[in-house]
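Right, one structure below, let's go through it.
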Amino acid sequence: MKYQKPSIQAFGNQAILLSWEEIIEEDLLYYLLQVKKNIQNYYIEVEVEVINTYNSLLINYISTINNIYDEIPVVEKLIFVDYEQQKLQLHQFTLPVCYDEKFGLDLAELSKQNDLEISEIIQLHTQPNYTIFFTGFLPGFLYLGGLDKKLHISRKKSPRLKVEKGEVGIGEKQTGIYPQISAGGWQLIGNCPVSIFDVENEKPSPFQAGDKLKFESVSLEEYQEIKNQVEEENYQLKKEVYEH
Amino acid sequence: MSIKVKQPGLLTSIQDFGRTGFASYGVPQSGVMDRYSAKIANLLVGNTEYEAVLEITMMGPTLVFEEEMLVALSGLEASVTLNDKKIELLRPFEVKNGDVLQIKQITKGIRLYLAVNSGFQTDMKLKSRSMYEPITKTSSLQKGDLLHIAGYRDTKEKTFAHLKYEAEKYASEAIEVYPGPEFDFLTDAMIDKLLQPKFSISKNNSRMAYQLEETLENNLRPILTQPVLPGTVQFTPGGNLMILMRDAQTTGGYPRIFQLTEESINLLAQKKQGDSIQFQLINYGW
């Protein structure tokens, strides 16, 4: 196996944490997601919630268990993965982003600091096929991997008290979308008219760890058109199924 | 059937036992801060332990009942009146249409739980009624809100009017903790500094986290963003200790040195600014 055995330890008396080496790598992510699937398949009778980050899996036992220590040897057997037997069903998404200065309040700043034309910023931001590592920080907030180095920029010195829903920003090496109005310190470069988190849905977000995401530049007019479609609930999210 | 919120109080919200199954969407668990007291309130009116209750913080609301129902309050000590007559905690009481309940001040602990027979039927979002913005529209009740209640259930045989509430355990300052995932980063000298002295609760305490007043020198290496839980004690680069509570985010980037037991989260939920606590390290039990 490419990765060393994880440390498997109790995290309080209702959870087990599996931690691999502290690296951000796609291969590790897809391996973690396979282990996550093993765990979910194994615990059908017991109610568990499994979440992943870059290098960890947390198994939270919802139903009370007598002794968390009894579960550790069980979990130890679930870290072996047969990639041929088990495939992950994932999605390739494309989201529209309007990089107009109306939304991209920090485009000028980024252009100045990183010595890039705005058209270059848009080109560099829409180029990569980003990987969704996990959701955290805020409900629906995606941790994306794959931002071009030329777009790395430090956060704003003092965060904005109000960032609009859908704003697309950059903070250090990361890019992301604000799923709802919140405070935020990222440099804002555009806005996505599609709602990425909706509590009225049983699945509040279409995205899951391992999915791929591309941004597509749209004009102000197209932005408004999509916004209307979203409101009338006839917007079709661009997605394709893929196996990994 | 409903209850009208005449005054919302400082921070009053509907909470049940929280959201499970949505952590991978970055949704906090939420739910009652002090689960033990909330369970008692529910049992006193004949509900199951886990039904939604009102969580009242420090200064309470004024509520007007628009129907007859059975109500109970649990918590440590508070001045409460029903139509200007004093009401005891931990004793279920009947109310009728037009009755006014005033929860003036919580004088011991900081959270009080109000349960009604048959339970609150407020908005359910992601399988829970727990209020947490942006999952629910607001994080607390607003003046004029109407709280819907299910029909009156005859529970005379089920009520536990004699139920024992173990208030004495809230007098303790001992917060029991398991070693957290980054506990091994700590030197023996640092462990002593964490376990020997008492710490006090700072003014930065909320449903999301309790920050402690004292700081310690922190030389721990930074970590990648990792999963966290309610009850996780984070040690920040600035030397602050942050104890995550029920509304905590699902991931965090600071070393997780301790993990509170469920009982200790309940105990801490009744502590307020200036109160002392002392960490007590326990081993994973056999």
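Following the order of the structure tokens, first chain is A, next is B, and so on, with residues numbered from 1 inside each chain and ligands from 1 in the order they appear.
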- Message: Within 6 Å of chain A, which residues belong to chain B? Use only C-alpha atoms and report them as a list of chain:residue names.
- Response: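 So the residues of chain B near chain A are B:Gly21, B:Ser24, B:Tyr25, B:Gly26, B:Val27, B:Tyr178, B:Gln226, B:Gln249, B:Thr250, B:Thr251, B:Gln259.
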- Message: Using only C-alpha atoms, which protein or nucleic acid residues come within 8 Å of segment 133-146 of chain B? Drop anything in the same chain fewer than 2 positions from it, and give the result as a list in words.
- Response: Gln180 and Val199 of chain A; Ser2, Ile3, Lys4, Val5, Lys6, Gln7, Pro8, Leu11, Thr12, Ser13, Ile14, Lys125, Leu126, Ser130, Met131 and His148 of chain B
I need the chosen residues saved as a CSV table (one decimal), in the first residue's frame, with C-alpha atoms.
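Contents of out.csv, freshly written:
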chain,number,residue,atom,x,y,z
A,180,GLN,CA,-24.5,32.0,2.4
A,199,VAL,CA,-31.6,23.4,3.8
B,2,SER,CA,-49.3,27.8,20.6
B,3,ILE,CA,-47.2,29.9,22.9
B,4,LYS,CA,-46.6,33.6,22.1
B,5,VAL,CA,-43.2,35.1,22.7
B,6,LYS,CA,-44.0,38.5,24.4
B,7,GLN,CA,-40.3,39.1,25.2
B,8,PRO,CA,-37.6,36.9,23.9
B,11,LEU,CA,-30.9,34.2,24.2
B,12,THR,CA,-33.8,31.8,24.0
B,13,SER,CA,-34.0,29.1,21.4
B,14,ILE,CA,-35.7,25.9,20.5
B,125,LYS,CA,-34.8,21.7,9.2
B,126,LEU,CA,-32.5,18.9,8.3
B,130,SER,CA,-32.6,23.1,16.8
B,131,MET,CA,-32.2,26.7,16.0
B,148,HIS,CA,-46.7,25.8,17.8
When DSSP is applied to the backbone of this structure, which of segment 5-44 of chain B are assigned strand (DSSP E or B)? Write them out as a PDB file with N, CA and C atoms, in the first residue's frame.
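Result written to part_28.pdb:
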ATOM      1  N   VAL B   5     -44.399  34.537  22.144  1.00  0.00           N
ATOM      2  CA  VAL B   5     -43.196  35.111  22.748  1.00  0.00           C
ATOM      3  C   VAL B   5     -43.416  36.613  22.903  1.00  0.00           C
ATOM      4  N   LYS B   6     -43.705  37.039  24.145  1.00  0.00           N
ATOM      5  CA  LYS B   6     -43.966  38.467  24.366  1.00  0.00           C
ATOM      6  C   LYS B   6     -42.641  39.217  24.438  1.00  0.00           C
ATOM      7  N   GLN B   7     -41.683  38.635  25.170  1.00  0.00           N
ATOM      8  CA  GLN B   7     -40.310  39.139  25.190  1.00  0.00           C
ATOM      9  C   GLN B   7     -39.394  37.939  24.997  1.00  0.00           C
ATOM     10  N   LEU B  11     -31.179  35.198  25.243  1.00  0.00           N
ATOM     11  CA  LEU B  11     -30.904  34.220  24.180  1.00  0.00           C
ATOM     12  C   LEU B  11     -31.755  32.993  24.475  1.00  0.00           C
ATOM     13  N   THR B  12     -32.898  32.948  23.842  1.00  0.00           N
ATOM     14  CA  THR B  12     -33.813  31.833  24.038  1.00  0.00           C
ATOM     15  C   THR B  12     -33.990  31.148  22.693  1.00  0.00           C
ATOM     16  N   SER B  13     -33.836  29.835  22.681  1.00  0.00           N
ATOM     17  CA  SER B  13     -33.990  29.130  21.403  1.00  0.00           C
ATOM     18  C   SER B  13     -34.640  27.774  21.610  1.00  0.00           C
ATOM     19  N   ILE B  14     -35.220  27.274  20.513  1.00  0.00           N
ATOM     20  CA  ILE B  14     -35.745  25.918  20.519  1.00  0.00           C
ATOM     21  C   ILE B  14     -34.579  24.990  20.220  1.00  0.00           C
ATOM     22  N   GLN B  15     -34.416  23.943  21.035  1.00  0.00           N
ATOM     23  CA  GLN B  15     -33.360  22.966  20.788  1.00  0.00           C
ATOM     24  C   GLN B  15     -33.895  21.573  21.069  1.00  0.00           C
TER      25      GLN B  15
END
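Excluding Leu107 of chain A itself and any same-chain residue fewer than 5 positions from it, the protein and nucleic acid residues within 9 Å of it, counting only C-alpha atoms, are Tyr99, Asp100, Glu101, Lys112, Ile118, Ile121, Gln187, Leu188, Ile189 and Gly190 of chain A.
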- Item | Atom pair atom CA of Thr175 of chain A / atom CA of Ile153 of chain A: separation (Å) |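 Atom-to-atom, atom CA of Thr175 of chain A to atom CA of Ile153 of chain A, that is 10.1 Å.
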- Task: as a list of chain:residue names, list the residues of segment 114-270 of chain B assigned to alpha helix (DSSP H) by DSSP on the backbone atoms of this structure.
- Result: B:Asp188, B:Ala189, B:Met190, B:Ile191, B:Asp192, B:Lys193, B:Leu194, B:Leu195, B:Glu262, B:Glu263, B:Ser264, B:Ile265, B:Asn266, B:Leu267, B:Leu268
Would you mind listing what lies within 6 Å of segment 236-247 of chain B as a PDB file with C-alpha atoms, in the first residue's frame, with only C-alpha atoms counted and same-chain residues fewer than 5 positions away left out?
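That gives us result09.pdb:
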ATOM      1  CA  PRO B  28     -22.943  21.680  13.208  1.00  0.00           C
ATOM      2  CA  SER B  30     -26.407  21.976  17.645  1.00  0.00           C
ATOM      3  CA  ARG B 207     -23.180  27.946  22.204  1.00  0.00           C
ATOM      4  CA  MET B 208     -20.279  27.559  19.793  1.00  0.00           C
ATOM      5  CA  ALA B 209     -17.308  27.595  22.178  1.00  0.00           C
ATOM      6  CA  TYR B 210     -16.098  28.525  25.644  1.00  0.00           C
ATOM      7  CA  GLN B 211     -12.781  30.325  25.666  1.00  0.00           C
ATOM      8  CA  LEU B 212     -10.812  30.228  28.914  1.00  0.00           C
ATOM      9  CA  THR B 215      -3.303  31.651  28.321  1.00  0.00           C
ATOM     10  CA  LEU B 216      -0.363  29.255  28.217  1.00  0.00           C
ATOM     11  CA  GLU B 217       2.687  29.352  26.040  1.00  0.00           C
ATOM     12  CA  ASN B 218       2.075  27.188  23.007  1.00  0.00           C
ATOM     13  CA  PRO B 230     -18.537  19.260  20.656  1.00  0.00           C
ATOM     14  CA  GLY B 231     -16.297  18.951  23.717  1.00  0.00           C
ATOM     15  CA  TYR B 254      -5.866  23.929  15.993  1.00  0.00           C
TER      16      TYR B 254
END
- Can you tell me, as a PyMOL selection string, what residues are no more than 10 Å from Gln273 of chain B when counting only C-alpha atoms, ignoring any on the same chain fewer than 3 positions away? chain B and resi 110+200-205+210-213+276
- Task: Pick out the residues sitting within 12 Å of Ser154 of chain A, and hand them over as a PyMOL selection string; count only C-alpha atoms, and ignore anything fewer than 4 positions along from it in its own chain.
- Result: chain A and resi 106+109-110+113-114+158-159+169-175+185-188
Residues as selected, N, CA and C atoms, written as a CSV table (one decimal), in the first residue's frame, can you do that?
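This is the output file out-v6.csv:
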chain,number,residue,atom,x,y,z
A,106,ASP,N,-12.4,42.5,-5.1
A,106,ASP,CA,-10.9,42.5,-4.9
A,106,ASP,C,-10.1,42.1,-6.2
A,109,GLU,N,-7.3,44.6,-6.7
A,109,GLU,CA,-6.3,44.3,-5.7
A,109,GLU,C,-5.4,43.1,-6.2
A,110,LEU,N,-6.1,42.0,-6.5
A,110,LEU,CA,-5.4,40.8,-7.0
A,110,LEU,C,-4.6,41.1,-8.2
A,113,GLN,N,-1.5,43.2,-7.0
A,113,GLN,CA,-0.5,42.4,-6.2
A,113,GLN,C,0.2,41.3,-7.0
A,114,ASN,N,-0.6,40.6,-7.8
A,114,ASN,CA,0.0,39.5,-8.5
A,114,ASN,C,0.4,39.8,-9.9
A,158,SER,N,-8.3,43.0,7.4
A,158,SER,CA,-9.5,42.9,8.3
A,158,SER,C,-10.6,42.3,7.5
A,159,PRO,N,-11.2,41.2,8.0
A,159,PRO,CA,-12.3,40.6,7.3
A,159,PRO,C,-13.5,41.5,7.1
A,169,GLY,N,-14.1,33.5,-3.7
A,169,GLY,CA,-12.9,34.2,-3.1
A,169,GLY,C,-11.7,33.3,-3.1
A,170,ILE,N,-10.6,34.0,-2.8
A,170,ILE,CA,-9.3,33.3,-2.7
A,170,ILE,C,-8.7,33.7,-1.3
A,171,GLY,N,-8.2,32.7,-0.6
A,171,GLY,CA,-7.5,33.0,0.7
A,171,GLY,C,-6.3,32.1,0.7
A,172,GLU,N,-5.2,32.7,0.7
A,172,GLU,CA,-3.9,32.0,0.6
A,172,GLU,C,-3.9,31.0,-0.6
A,173,LYS,N,-3.8,29.7,-0.3
A,173,LYS,CA,-3.7,28.7,-1.4
A,173,LYS,C,-5.1,28.1,-1.8
A,174,GLN,N,-6.1,28.7,-1.2
A,174,GLN,CA,-7.4,28.1,-1.4
A,174,GLN,C,-8.4,29.0,-2.1
A,175,THR,N,-9.3,28.4,-2.9
A,175,THR,CA,-10.4,29.2,-3.4
A,175,THR,C,-11.7,28.5,-3.0
A,185,GLY,N,-12.9,36.8,5.2
A,185,GLY,CA,-11.6,37.6,4.9
A,185,GLY,C,-11.0,37.3,3.6
A,186,TRP,N,-11.7,36.5,2.7
A,186,TRP,CA,-11.0,36.2,1.5
A,186,TRP,C,-11.1,37.3,0.5
A,187,GLN,N,-10.2,37.3,-0.5
A,187,GLN,CA,-10.2,38.3,-1.6
A,187,GLN,C,-11.3,37.8,-2.6
A,188,LEU,N,-12.3,38.7,-2.8
A,188,LEU,CA,-13.4,38.3,-3.7
A,188,LEU,C,-13.2,38.6,-5.1
Which residues are near Tyr36 of chain B? Cut-off 7 Å, only C-alpha atoms, ignore same chain within fewer than 3 positions. Put them as a PDB file with C-alpha atoms, in the first residue's frame.
ATOM      1  CA  LYS B  39     -34.035  15.382  29.573  1.00  0.00           C
ATOM      2  CA  ILE B  40     -35.349  16.029  33.060  1.00  0.00           C
ATOM      3  CA  ASN B 266     -23.418  19.341  30.364  1.00  0.00           C
TER       4      ASN B 266
END
- Query: So what do you get for atom CA of Phe17 of chain B versus atom CA of Tyr50 of chain B, distance-wise?
  - Reply: 5.9 Å
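Minimum atom-to-atom distance to Gly31 of chain B, evaluated using only C-alpha atoms, belongs to B:Val53 out of B:Leu44, B:Val53, B:Val64, B:Val95.
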